[in-house]
Each structure stands twice: as C-alpha cells, then as structure tokens.
file my_file08.tsv (TSV, N, CA, C and O atoms)
chain	number	residue	atom	x	y	z
B	253	MET	N	0.84	-1.19	0.00
B	253	MET	CA	0.00	0.00	0.00
B	253	MET	C	0.88	1.23	0.00
B	253	MET	O	1.81	1.33	0.76
B	254	ASP	N	0.56	2.21	-0.85
B	254	ASP	CA	1.35	3.43	-0.84
B	254	ASP	C	0.83	4.37	0.24
B	254	ASP	O	-0.26	4.17	0.79
B	255	PRO	N	1.59	5.39	0.60
B	255	PRO	CA	1.19	6.26	1.71
B	255	PRO	C	-0.05	7.09	1.43
B	255	PRO	O	-0.60	7.69	2.34
B	256	PHE	N	-0.52	7.13	0.18
B	256	PHE	CA	-1.68	7.96	-0.14
B	256	PHE	C	-2.97	7.18	-0.28
B	256	PHE	O	-4.03	7.75	-0.44
B	257	SER	N	-2.89	5.86	-0.24
B	257	SER	CA	-4.11	5.08	-0.38
B	257	SER	C	-4.60	4.66	1.00
B	257	SER	O	-3.84	4.54	1.94
B	258	SER	N	-5.90	4.45	1.07
B	258	SER	CA	-6.46	4.04	2.35
B	258	SER	C	-6.41	2.52	2.44
B	258	SER	O	-6.44	1.83	1.42
B	259	PRO	N	-6.32	2.00	3.63
B	259	PRO	CA	-6.29	0.55	3.77
B	259	PRO	C	-7.60	-0.07	3.30
B	259	PRO	O	-8.66	0.56	3.39
B	260	SER	N	-7.52	-1.28	2.81
B	260	SER	CA	-8.74	-1.95	2.38
B	260	SER	C	-9.54	-2.36	3.61
B	260	SER	O	-8.99	-2.59	4.67
B	261	PRO	N	-10.87	-2.45	3.49
B	261	PRO	CA	-11.72	-2.77	4.64
B	261	PRO	C	-11.35	-4.10	5.29
B	261	PRO	O	-11.48	-4.26	6.48
B	262	SER	N	-10.87	-5.05	4.49
B	262	SER	CA	-10.56	-6.35	5.06
B	262	SER	C	-9.19	-6.36	5.73
B	262	SER	O	-8.81	-7.33	6.34
B	263	GLY	N	-8.44	-5.27	5.56
B	263	GLY	CA	-7.13	-5.19	6.15
B	263	GLY	C	-6.07	-5.87	5.32
B	263	GLY	O	-4.90	-5.78	5.63
B	264	GLY	N	-6.46	-6.54	4.24
B	264	GLY	CA	-5.50	-7.24	3.40
B	264	GLY	C	-5.06	-6.40	2.24
B	264	GLY	O	-5.37	-5.22	2.13
B	265	SER	N	-4.36	-7.02	1.34
B	265	SER	CA	-3.86	-6.34	0.15
B	265	SER	C	-5.02	-6.06	-0.79
B	265	SER	O	-5.92	-6.87	-0.94
B	266	SER	N	-4.97	-4.92	-1.44
B	266	SER	CA	-6.03	-4.55	-2.38
B	266	SER	C	-5.69	-4.99	-3.79
B	266	SER	O	-6.33	-4.57	-4.74
B	267	GLY	N	-4.67	-5.80	-3.96
B	267	GLY	CA	-4.27	-6.27	-5.26
B	267	GLY	C	-3.28	-5.35	-5.95
B	267	GLY	O	-2.84	-5.64	-7.04
B	268	GLN	N	-2.96	-4.23	-5.34
B	268	GLN	CA	-1.99	-3.32	-5.91
B	268	GLN	C	-0.59	-3.73	-5.48
B	268	GLN	O	-0.38	-4.16	-4.35
B	269	THR	N	0.34	-3.60	-6.40
B	269	THR	CA	1.71	-3.91	-6.06
B	269	THR	C	2.42	-2.64	-5.63
B	269	THR	O	2.11	-1.55	-6.11
B	270	ILE	N	3.36	-2.80	-4.75
B	270	ILE	CA	4.14	-1.67	-4.27
B	270	ILE	C	5.28	-1.43	-5.27
B	270	ILE	O	6.01	-2.36	-5.60
B	271	PRO	N	5.40	-0.19	-5.76
B	271	PRO	CA	6.48	0.07	-6.71
B	271	PRO	C	7.85	-0.11	-6.04
B	271	PRO	O	8.02	0.17	-4.85
B	272	SER	N	8.80	-0.55	-6.82
B	272	SER	CA	10.15	-0.76	-6.29
B	272	SER	C	10.81	0.60	-6.06
B	272	SER	O	10.36	1.63	-6.56
B	273	ALA	N	11.88	0.58	-5.31
B	273	ALA	CA	12.62	1.81	-5.03
B	273	ALA	C	13.14	2.43	-6.33
B	273	ALA	O	13.15	3.66	-6.48
B	274	ASP	N	13.54	1.60	-7.28
B	274	ASP	CA	14.03	2.11	-8.57
B	274	ASP	C	12.92	2.83	-9.33
B	274	ASP	O	13.15	3.89	-9.92
B	275	VAL	N	11.73	2.27	-9.31
B	275	VAL	CA	10.59	2.89	-10.00
B	275	VAL	C	10.26	4.22	-9.34
B	275	VAL	O	10.05	5.24	-10.01
B	276	LEU	N	10.24	4.25	-8.02
B	276	LEU	CA	9.95	5.49	-7.30
B	276	LEU	C	11.03	6.53	-7.58
B	276	LEU	O	10.72	7.71	-7.78
B	277	MET	N	12.28	6.11	-7.60
B	277	MET	CA	13.38	7.03	-7.87
B	277	MET	C	13.26	7.61	-9.28
B	277	MET	O	13.46	8.81	-9.48
B	278	ASP	N	12.90	6.77	-10.25
B	278	ASP	CA	12.71	7.26	-11.61
B	278	ASP	C	11.57	8.27	-11.68
B	278	ASP	O	11.67	9.28	-12.38
B	279	GLN	N	10.49	8.01	-10.94
B	279	GLN	CA	9.37	8.94	-10.92
B	279	GLN	C	9.77	10.28	-10.31
B	279	GLN	O	9.42	11.34	-10.82
B	280	VAL	N	10.53	10.22	-9.22
B	280	VAL	CA	10.99	11.45	-8.57
B	280	VAL	C	11.92	12.23	-9.51
B	280	VAL	O	11.81	13.44	-9.65
B	281	LYS	N	12.84	11.51	-10.17
B	281	LYS	CA	13.75	12.17	-11.11
B	281	LYS	C	12.98	12.84	-12.24
B	281	LYS	O	13.30	13.96	-12.64
B	282	THR	N	11.96	12.17	-12.75
B	282	THR	CA	11.15	12.73	-13.82
B	282	THR	C	10.42	13.98	-13.35
B	282	THR	O	10.39	15.00	-14.05
B	283	GLN	N	9.85	13.91	-12.16
B	283	GLN	CA	9.14	15.07	-11.62
B	283	GLN	C	10.08	16.24	-11.36
B	283	GLN	O	9.75	17.39	-11.63
B	284	LEU	N	11.28	15.95	-10.85
B	284	LEU	CA	12.25	17.01	-10.61
B	284	LEU	C	12.71	17.63	-11.92
B	284	LEU	O	12.87	18.85	-12.02
B	285	ALA	N	12.94	16.80	-12.93
B	285	ALA	CA	13.36	17.31	-14.23
B	285	ALA	C	12.28	18.20	-14.82
B	285	ALA	O	12.57	19.27	-15.39
B	286	GLN	N	11.03	17.79	-14.70
B	286	GLN	CA	9.93	18.59	-15.21
B	286	GLN	C	9.83	19.92	-14.47
B	286	GLN	O	9.65	20.97	-15.08
B	287	ALA	N	9.95	19.88	-13.14
B	287	ALA	CA	9.88	21.11	-12.35
B	287	ALA	C	11.05	22.04	-12.70
B	287	ALA	O	10.86	23.26	-12.83
B	288	TYR	N	12.23	21.47	-12.89
B	288	TYR	CA	13.39	22.27	-13.27
B	288	TYR	C	13.17	22.92	-14.63
B	288	TYR	O	13.45	24.10	-14.82
B	289	ALA	N	12.67	22.15	-15.59
B	289	ALA	CA	12.43	22.69	-16.93
B	289	ALA	C	11.40	23.82	-16.88
B	289	ALA	O	11.60	24.86	-17.53
B	290	GLU	N	10.34	23.63	-16.13
B	290	GLU	CA	9.32	24.68	-16.01
B	290	GLU	C	9.91	25.94	-15.39
B	290	GLU	O	9.64	27.06	-15.87
B	291	GLU	N	10.70	25.78	-14.34
B	291	GLU	CA	11.31	26.93	-13.69
B	291	GLU	C	12.31	27.62	-14.63
B	291	GLU	O	12.35	28.84	-14.72
B	292	PHE	N	13.09	26.82	-15.34
B	292	PHE	CA	14.06	27.36	-16.29
B	292	PHE	C	13.36	28.20	-17.35
B	292	PHE	O	13.74	29.33	-17.62
B	293	PHE	N	12.32	27.64	-17.97
B	293	PHE	CA	11.64	28.36	-19.03
B	293	PHE	C	10.92	29.60	-18.51
B	293	PHE	O	10.86	30.62	-19.20
B	294	GLU	N	10.39	29.54	-17.30
B	294	GLU	CA	9.76	30.72	-16.73
B	294	GLU	C	10.79	31.81	-16.48
B	294	GLU	O	10.56	32.99	-16.75
B	295	THR	N	11.96	31.44	-15.98
B	295	THR	CA	13.04	32.41	-15.74
B	295	THR	C	13.50	33.03	-17.05
B	295	THR	O	13.64	34.25	-17.16
B	296	VAL	N	13.74	32.19	-18.06
B	296	VAL	CA	14.17	32.69	-19.36
B	296	VAL	C	13.11	33.60	-19.96
B	296	VAL	O	13.41	34.70	-20.44
B	297	ARG	N	11.87	33.15	-19.91
B	297	ARG	CA	10.78	33.97	-20.46
B	297	ARG	C	10.73	35.33	-19.78
B	297	ARG	O	10.68	36.37	-20.44
B	298	SER	N	10.77	35.33	-18.47
B	298	SER	CA	10.67	36.58	-17.72
B	298	SER	C	11.86	37.51	-18.00
B	298	SER	O	11.68	38.69	-18.30
B	299	LYS	N	13.06	36.98	-17.90
B	299	LYS	CA	14.24	37.82	-18.08
B	299	LYS	C	14.39	38.30	-19.52
B	299	LYS	O	14.71	39.46	-19.75
B	300	CYS	N	14.14	37.42	-20.48
B	300	CYS	CA	14.27	37.81	-21.88
B	300	CYS	C	13.17	38.79	-22.27
B	300	CYS	O	13.41	39.73	-23.03
B	301	PHE	N	11.98	38.60	-21.74
B	301	PHE	CA	10.88	39.54	-22.02
B	301	PHE	C	11.25	40.92	-21.49
B	301	PHE	O	11.15	41.92	-22.20
B	302	THR	N	11.71	40.96	-20.23
B	302	THR	CA	12.07	42.24	-19.62
B	302	THR	C	13.18	42.93	-20.40
B	302	THR	O	13.15	44.14	-20.62
B	303	LYS	N	14.16	42.16	-20.83
B	303	LYS	CA	15.31	42.72	-21.54
B	303	LYS	C	14.96	43.15	-22.97
B	303	LYS	O	15.44	44.17	-23.45
B	304	CYS	N	14.13	42.38	-23.66
B	304	CYS	CA	13.96	42.55	-25.10
B	304	CYS	C	12.70	43.27	-25.54
B	304	CYS	O	12.67	43.87	-26.63
B	305	ILE	N	11.64	43.20	-24.78
B	305	ILE	CA	10.37	43.77	-25.21
B	305	ILE	C	10.23	45.17	-24.63
B	305	ILE	O	9.96	45.34	-23.44
B	306	THR	N	10.42	46.16	-25.48
B	306	THR	CA	10.37	47.55	-25.00
B	306	THR	C	8.96	48.12	-25.06
B	306	THR	O	8.58	48.92	-24.21
B	307	LYS	N	8.19	47.71	-26.05
B	307	LYS	CA	6.82	48.19	-26.21
B	307	LYS	C	5.91	46.99	-26.49
B	307	LYS	O	5.72	46.61	-27.65
B	308	PRO	N	5.34	46.37	-25.44
B	308	PRO	CA	4.46	45.22	-25.67
B	308	PRO	C	3.32	45.57	-26.61
B	308	PRO	O	2.74	46.65	-26.54
B	309	GLY	N	3.04	44.67	-27.53
B	309	GLY	CA	1.96	44.88	-28.48
B	309	GLY	C	1.46	43.54	-28.98
B	309	GLY	O	1.68	42.50	-28.36
B	310	THR	N	0.81	43.57	-30.13
B	310	THR	CA	0.23	42.34	-30.67
B	310	THR	C	1.23	41.49	-31.42
B	310	THR	O	0.96	40.33	-31.71
B	311	SER	N	2.39	42.06	-31.77
B	311	SER	CA	3.42	41.29	-32.47
B	311	SER	C	4.79	41.83	-32.08
B	311	SER	O	4.92	42.92	-31.51
B	312	LEU	N	5.82	41.03	-32.39
B	312	LEU	CA	7.19	41.43	-32.08
B	312	LEU	C	7.81	42.14	-33.27
B	312	LEU	O	7.58	41.76	-34.42
B	313	SER	N	8.62	43.14	-32.97
B	313	SER	CA	9.40	43.76	-34.04
B	313	SER	C	10.56	42.83	-34.38
B	313	SER	O	10.86	41.88	-33.64
B	314	GLY	N	11.22	43.10	-35.48
B	314	GLY	CA	12.37	42.28	-35.87
B	314	GLY	C	13.47	42.31	-34.84
B	314	GLY	O	14.07	41.27	-34.52
B	315	SER	N	13.75	43.48	-34.28
B	315	SER	CA	14.81	43.59	-33.27
B	315	SER	C	14.42	42.87	-31.98
B	315	SER	O	15.27	42.25	-31.33
B	316	GLU	N	13.15	42.94	-31.61
B	316	GLU	CA	12.70	42.21	-30.41
B	316	GLU	C	12.82	40.71	-30.61
B	316	GLU	O	13.27	39.98	-29.72
B	317	SER	N	12.43	40.25	-31.78
B	317	SER	CA	12.51	38.82	-32.08
B	317	SER	C	13.96	38.34	-32.05
B	317	SER	O	14.27	37.29	-31.48
B	318	SER	N	14.85	39.10	-32.66
B	318	SER	CA	16.28	38.75	-32.65
B	318	SER	C	16.83	38.76	-31.23
B	318	SER	O	17.61	37.88	-30.85
B	319	CYS	N	16.45	39.76	-30.46
B	319	CYS	CA	16.92	39.86	-29.07
B	319	CYS	C	16.47	38.65	-28.26
B	319	CYS	O	17.27	38.05	-27.52
B	320	ILE	N	15.21	38.27	-28.40
B	320	ILE	CA	14.69	37.11	-27.66
B	320	ILE	C	15.43	35.84	-28.08
B	320	ILE	O	15.81	35.03	-27.23
B	321	THR	N	15.65	35.68	-29.37
B	321	THR	CA	16.36	34.49	-29.85
B	321	THR	C	17.76	34.41	-29.25
B	321	THR	O	18.17	33.37	-28.73
B	322	ARG	N	18.50	35.52	-29.29
B	322	ARG	CA	19.85	35.54	-28.72
B	322	ARG	C	19.81	35.32	-27.21
B	322	ARG	O	20.64	34.59	-26.65
B	323	CYS	N	18.87	35.94	-26.53
B	323	CYS	CA	18.75	35.81	-25.08
B	323	CYS	C	18.51	34.36	-24.67
B	323	CYS	O	19.19	33.82	-23.78
B	324	VAL	N	17.56	33.70	-25.32
B	324	VAL	CA	17.24	32.30	-25.00
B	324	VAL	C	18.44	31.41	-25.31
B	324	VAL	O	18.80	30.54	-24.50
B	325	GLU	N	19.09	31.64	-26.44
B	325	GLU	CA	20.27	30.83	-26.79
B	325	GLU	C	21.37	30.98	-25.75
B	325	GLU	O	22.03	30.01	-25.38
B	326	ARG	N	21.57	32.18	-25.26
B	326	ARG	CA	22.60	32.41	-24.23
B	326	ARG	C	22.25	31.71	-22.92
B	326	ARG	O	23.12	31.15	-22.26
B	327	TYR	N	20.99	31.78	-22.52
B	327	TYR	CA	20.58	31.08	-21.30
B	327	TYR	C	20.78	29.58	-21.43
B	327	TYR	O	21.25	28.92	-20.51
B	328	ILE	N	20.41	29.03	-22.58
B	328	ILE	CA	20.57	27.59	-22.79
B	328	ILE	C	22.05	27.23	-22.78
B	328	ILE	O	22.46	26.24	-22.14
B	329	GLU	N	22.87	28.01	-23.45
B	329	GLU	CA	24.31	27.75	-23.48
B	329	GLU	C	24.91	27.85	-22.08
B	329	GLU	O	25.69	26.99	-21.66
B	330	ALA	N	24.55	28.90	-21.34
B	330	ALA	CA	25.08	29.08	-19.98
B	330	ALA	C	24.65	27.94	-19.07
B	330	ALA	O	25.45	27.44	-18.27
B	331	THR	N	23.41	27.51	-19.19
B	331	THR	CA	22.93	26.40	-18.37
B	331	THR	C	23.70	25.13	-18.69
B	331	THR	O	24.05	24.36	-17.79
B	332	GLY	N	23.98	24.89	-19.97
B	332	GLY	CA	24.76	23.73	-20.37
B	332	GLY	C	26.16	23.76	-19.79
B	332	GLY	O	26.67	22.75	-19.29
B	333	ILE	N	26.80	24.91	-19.84
B	333	ILE	CA	28.15	25.06	-19.28
B	333	ILE	C	28.15	24.79	-17.78
B	333	ILE	O	28.99	24.06	-17.26
B	334	ILE	N	27.18	25.37	-17.10
B	334	ILE	CA	27.09	25.18	-15.64
B	334	ILE	C	26.82	23.72	-15.31
B	334	ILE	O	27.44	23.15	-14.41
B	335	SER	N	25.90	23.10	-16.04
B	335	SER	CA	25.57	21.69	-15.79
B	335	SER	C	26.78	20.79	-16.00
B	335	SER	O	27.06	19.91	-15.18
B	336	ARG	N	27.50	21.01	-17.10
B	336	ARG	CA	28.70	20.20	-17.36
B	336	ARG	C	29.73	20.38	-16.27
B	336	ARG	O	30.36	19.43	-15.82
B	337	ALA	N	29.91	21.63	-15.81
B	337	ALA	CA	30.88	21.90	-14.75
B	337	ALA	C	30.48	21.21	-13.45
B	337	ALA	O	31.31	20.62	-12.76
B	338	LEU	N	29.19	21.27	-13.12
B	338	LEU	CA	28.72	20.64	-11.88
B	338	LEU	C	28.85	19.13	-11.95
B	338	LEU	O	29.28	18.47	-11.00
B	339	PHE	N	28.44	18.54	-13.08
B	339	PHE	CA	28.48	17.09	-13.19
B	339	PHE	C	29.90	16.56	-13.31
B	339	PHE	O	30.19	15.47	-12.83
B	340	SER	N	30.79	17.30	-13.93
B	340	SER	CA	32.18	16.83	-14.01
B	340	SER	C	32.88	16.98	-12.66
B	340	SER	O	33.81	16.25	-12.37
B	341	ALA	N	32.43	17.90	-11.82
B	341	ALA	CA	33.01	18.08	-10.50
B	341	ALA	C	32.67	16.91	-9.58
B	341	ALA	O	33.40	16.62	-8.64
B	342	HIS	N	31.57	16.22	-9.85
B	342	HIS	CA	31.13	15.10	-9.01
B	342	HIS	C	31.78	13.78	-9.40
B	342	HIS	O	31.54	12.77	-8.79
B	343	ARG	N	32.57	13.77	-10.45
B	343	ARG	CA	33.17	12.52	-10.90
B	343	ARG	C	34.49	12.28	-10.27
B	343	ARG	O	35.19	12.83	-9.69
call {"tool": "encode", "arguments": {"input": "my_file08.tsv", "output": "structure tokens"}}
result
Amino acid sequence: MDPFSSPSPSGGSSGQTIPSADVLMDQVKTQLAQAYAEEFFETVRSKCFTKCITKPGTSLSGSESSCITRCVERYIEATGIISRALFSAHR
C-alpha cells in the first residue's frame, strides 16, 4: 500500500503492487526534471521579455525577435556550461 491510499476494509492487500525503489526514484527524477524545466523556461521567459520587449503589443518587431532568440540561446548555453561543470566536479 502506498502512503496515499487508504487501507482496504478487510485489512489485506487490495491487489496493488508496491512500486520498487528504482521505479519510485525514476518517478521522482522525472518530476524534478519537469519542475526544473518549467522553472528554467519561466526564468528565461521573464528575463528575456524584460530585456527585449520595449513596447508590448500584438506582435514582435524584428529587433525584439532577434533579441529574444539571442537571449534564449545564451541562457541555454550558460545552463549547459554550468551543468557540465557541476556534473564533471562530481566525478
């Protein structure tokens, strides 16, 4: 029984199997990766919008579009460099 399910009335097993530690770890890793990605994209969106969009409107100007493209590319590149540095430090 997982910690979120209620016990069966008979007190026995409800036929559900308990996930292994590896399965739970994979689920946690997936959820953390998803949360990290959402936070990353929200940060990039916010910072690049603030930096690049001078006059919000219904469409982007060419310079705004170019600025956003460069800004996002730099964030992705910087994140990759930081990730590689952190992961190589743990080896």
call {"tool": "closest_atom_pairs", "arguments": {"input": "my_file08.tsv", "of": "range 277-304 of chain B", "to": "range 320-341 of chain B", "cutoff": "12 Å", "atoms": "only C-alpha atoms", "output": "Markdown table"}}
result
| residue | atom | partner | partner_atom | distance |
| --- | --- | --- | --- | --- |
| B:Tyr288 | CA | B:Thr331 | CA | 11.6 |
| B:Ala289 | CA | B:Ile328 | CA | 11.2 |
| B:Phe292 | CA | B:Tyr327 | CA | 9.0 |
| B:Phe293 | CA | B:Val324 | CA | 9.1 |
| B:Glu294 | CA | B:Val324 | CA | 11.3 |
| B:Thr295 | CA | B:Tyr327 | CA | 9.5 |
| B:Val296 | CA | B:Val324 | CA | 6.4 |
| B:Arg297 | CA | B:Val324 | CA | 8.1 |
| B:Ser298 | CA | B:Val324 | CA | 10.7 |
| B:Lys299 | CA | B:Cys323 | CA | 8.6 |
| B:Cys300 | CA | B:Ile320 | CA | 5.8 |
| B:Phe301 | CA | B:Ile320 | CA | 7.2 |
| B:Thr302 | CA | B:Ile320 | CA | 9.9 |
| B:Lys303 | CA | B:Ile320 | CA | 8.3 |
| B:Cys304 | CA | B:Ile320 | CA | 6.1 |
call {"tool": "write_last_selection", "arguments": {"input": "my_file08.tsv", "atoms": "N, CA, C and O atoms", "output": "mmCIF file, keeping the file's coordinate frame"}}
result
data_model
loop_
_atom_site.group_PDB
_atom_site.id
_atom_site.type_symbol
_atom_site.label_atom_id
_atom_site.label_comp_id
_atom_site.auth_asym_id
_atom_site.auth_seq_id
_atom_site.Cartn_x
_atom_site.Cartn_y
_atom_site.Cartn_z
ATOM 1 N N TYR B 288 12.230 21.470 -12.890
ATOM 2 C CA TYR B 288 13.390 22.270 -13.270
ATOM 3 C C TYR B 288 13.170 22.920 -14.630
ATOM 4 O O TYR B 288 13.450 24.100 -14.820
ATOM 5 N N ALA B 289 12.670 22.150 -15.590
ATOM 6 C CA ALA B 289 12.430 22.690 -16.930
ATOM 7 C C ALA B 289 11.400 23.820 -16.880
ATOM 8 O O ALA B 289 11.600 24.860 -17.530
ATOM 9 N N PHE B 292 13.090 26.820 -15.340
ATOM 10 C CA PHE B 292 14.060 27.360 -16.290
ATOM 11 C C PHE B 292 13.360 28.200 -17.350
ATOM 12 O O PHE B 292 13.740 29.330 -17.620
ATOM 13 N N PHE B 293 12.320 27.640 -17.970
ATOM 14 C CA PHE B 293 11.640 28.360 -19.030
ATOM 15 C C PHE B 293 10.920 29.600 -18.510
ATOM 16 O O PHE B 293 10.860 30.620 -19.200
ATOM 17 N N GLU B 294 10.390 29.540 -17.300
ATOM 18 C CA GLU B 294 9.760 30.720 -16.730
ATOM 19 C C GLU B 294 10.790 31.810 -16.480
ATOM 20 O O GLU B 294 10.560 32.990 -16.750
ATOM 21 N N THR B 295 11.960 31.440 -15.980
ATOM 22 C CA THR B 295 13.040 32.410 -15.740
ATOM 23 C C THR B 295 13.500 33.030 -17.050
ATOM 24 O O THR B 295 13.640 34.250 -17.160
ATOM 25 N N VAL B 296 13.740 32.190 -18.060
ATOM 26 C CA VAL B 296 14.170 32.690 -19.360
ATOM 27 C C VAL B 296 13.110 33.600 -19.960
ATOM 28 O O VAL B 296 13.410 34.700 -20.440
ATOM 29 N N ARG B 297 11.870 33.150 -19.910
ATOM 30 C CA ARG B 297 10.780 33.970 -20.460
ATOM 31 C C ARG B 297 10.730 35.330 -19.780
ATOM 32 O O ARG B 297 10.680 36.370 -20.440
ATOM 33 N N SER B 298 10.770 35.330 -18.470
ATOM 34 C CA SER B 298 10.670 36.580 -17.720
ATOM 35 C C SER B 298 11.860 37.510 -18.000
ATOM 36 O O SER B 298 11.680 38.690 -18.300
ATOM 37 N N LYS B 299 13.060 36.980 -17.900
ATOM 38 C CA LYS B 299 14.240 37.820 -18.080
ATOM 39 C C LYS B 299 14.390 38.300 -19.520
ATOM 40 O O LYS B 299 14.710 39.460 -19.750
ATOM 41 N N CYS B 300 14.140 37.420 -20.480
ATOM 42 C CA CYS B 300 14.270 37.810 -21.880
ATOM 43 C C CYS B 300 13.170 38.790 -22.270
ATOM 44 O O CYS B 300 13.410 39.730 -23.030
ATOM 45 N N PHE B 301 11.980 38.600 -21.740
ATOM 46 C CA PHE B 301 10.880 39.540 -22.020
ATOM 47 C C PHE B 301 11.250 40.920 -21.490
ATOM 48 O O PHE B 301 11.150 41.920 -22.200
ATOM 49 N N THR B 302 11.710 40.960 -20.230
ATOM 50 C CA THR B 302 12.070 42.240 -19.620
ATOM 51 C C THR B 302 13.180 42.930 -20.400
ATOM 52 O O THR B 302 13.150 44.140 -20.620
ATOM 53 N N LYS B 303 14.160 42.160 -20.830
ATOM 54 C CA LYS B 303 15.310 42.720 -21.540
ATOM 55 C C LYS B 303 14.960 43.150 -22.970
ATOM 56 O O LYS B 303 15.440 44.170 -23.450
ATOM 57 N N CYS B 304 14.130 42.380 -23.660
ATOM 58 C CA CYS B 304 13.960 42.550 -25.100
ATOM 59 C C CYS B 304 12.700 43.270 -25.540
ATOM 60 O O CYS B 304 12.670 43.870 -26.630
#
call {"tool": "atom_distance", "arguments": {"input": "my_file08.tsv", "atom1": "CA of Asp274 in chain B", "atom2": "CA of Glu290 in chain B"}}
result
24.2 Å
call {"tool": "select_by_dssp", "arguments": {"input": "my_file08.tsv", "residues": "range 255-325 of chain B", "states": "helix (DSSP H, G or I)", "output": "PyMOL selection string"}}
result
chain B and resi 273-304+314-325
call {"tool": "atom_distance", "arguments": {"input": "my_file08.tsv", "atom1": "CA of Ser318 in chain B", "atom2": "CA of Ala285 in chain B"}}
result
28.4 Å
call {"tool": "atom_distance", "arguments": {"input": "my_file08.tsv", "atom1": "CA of Glu291 in chain B", "atom2": "CA of Pro308 in chain B"}}
result
22.9 Å
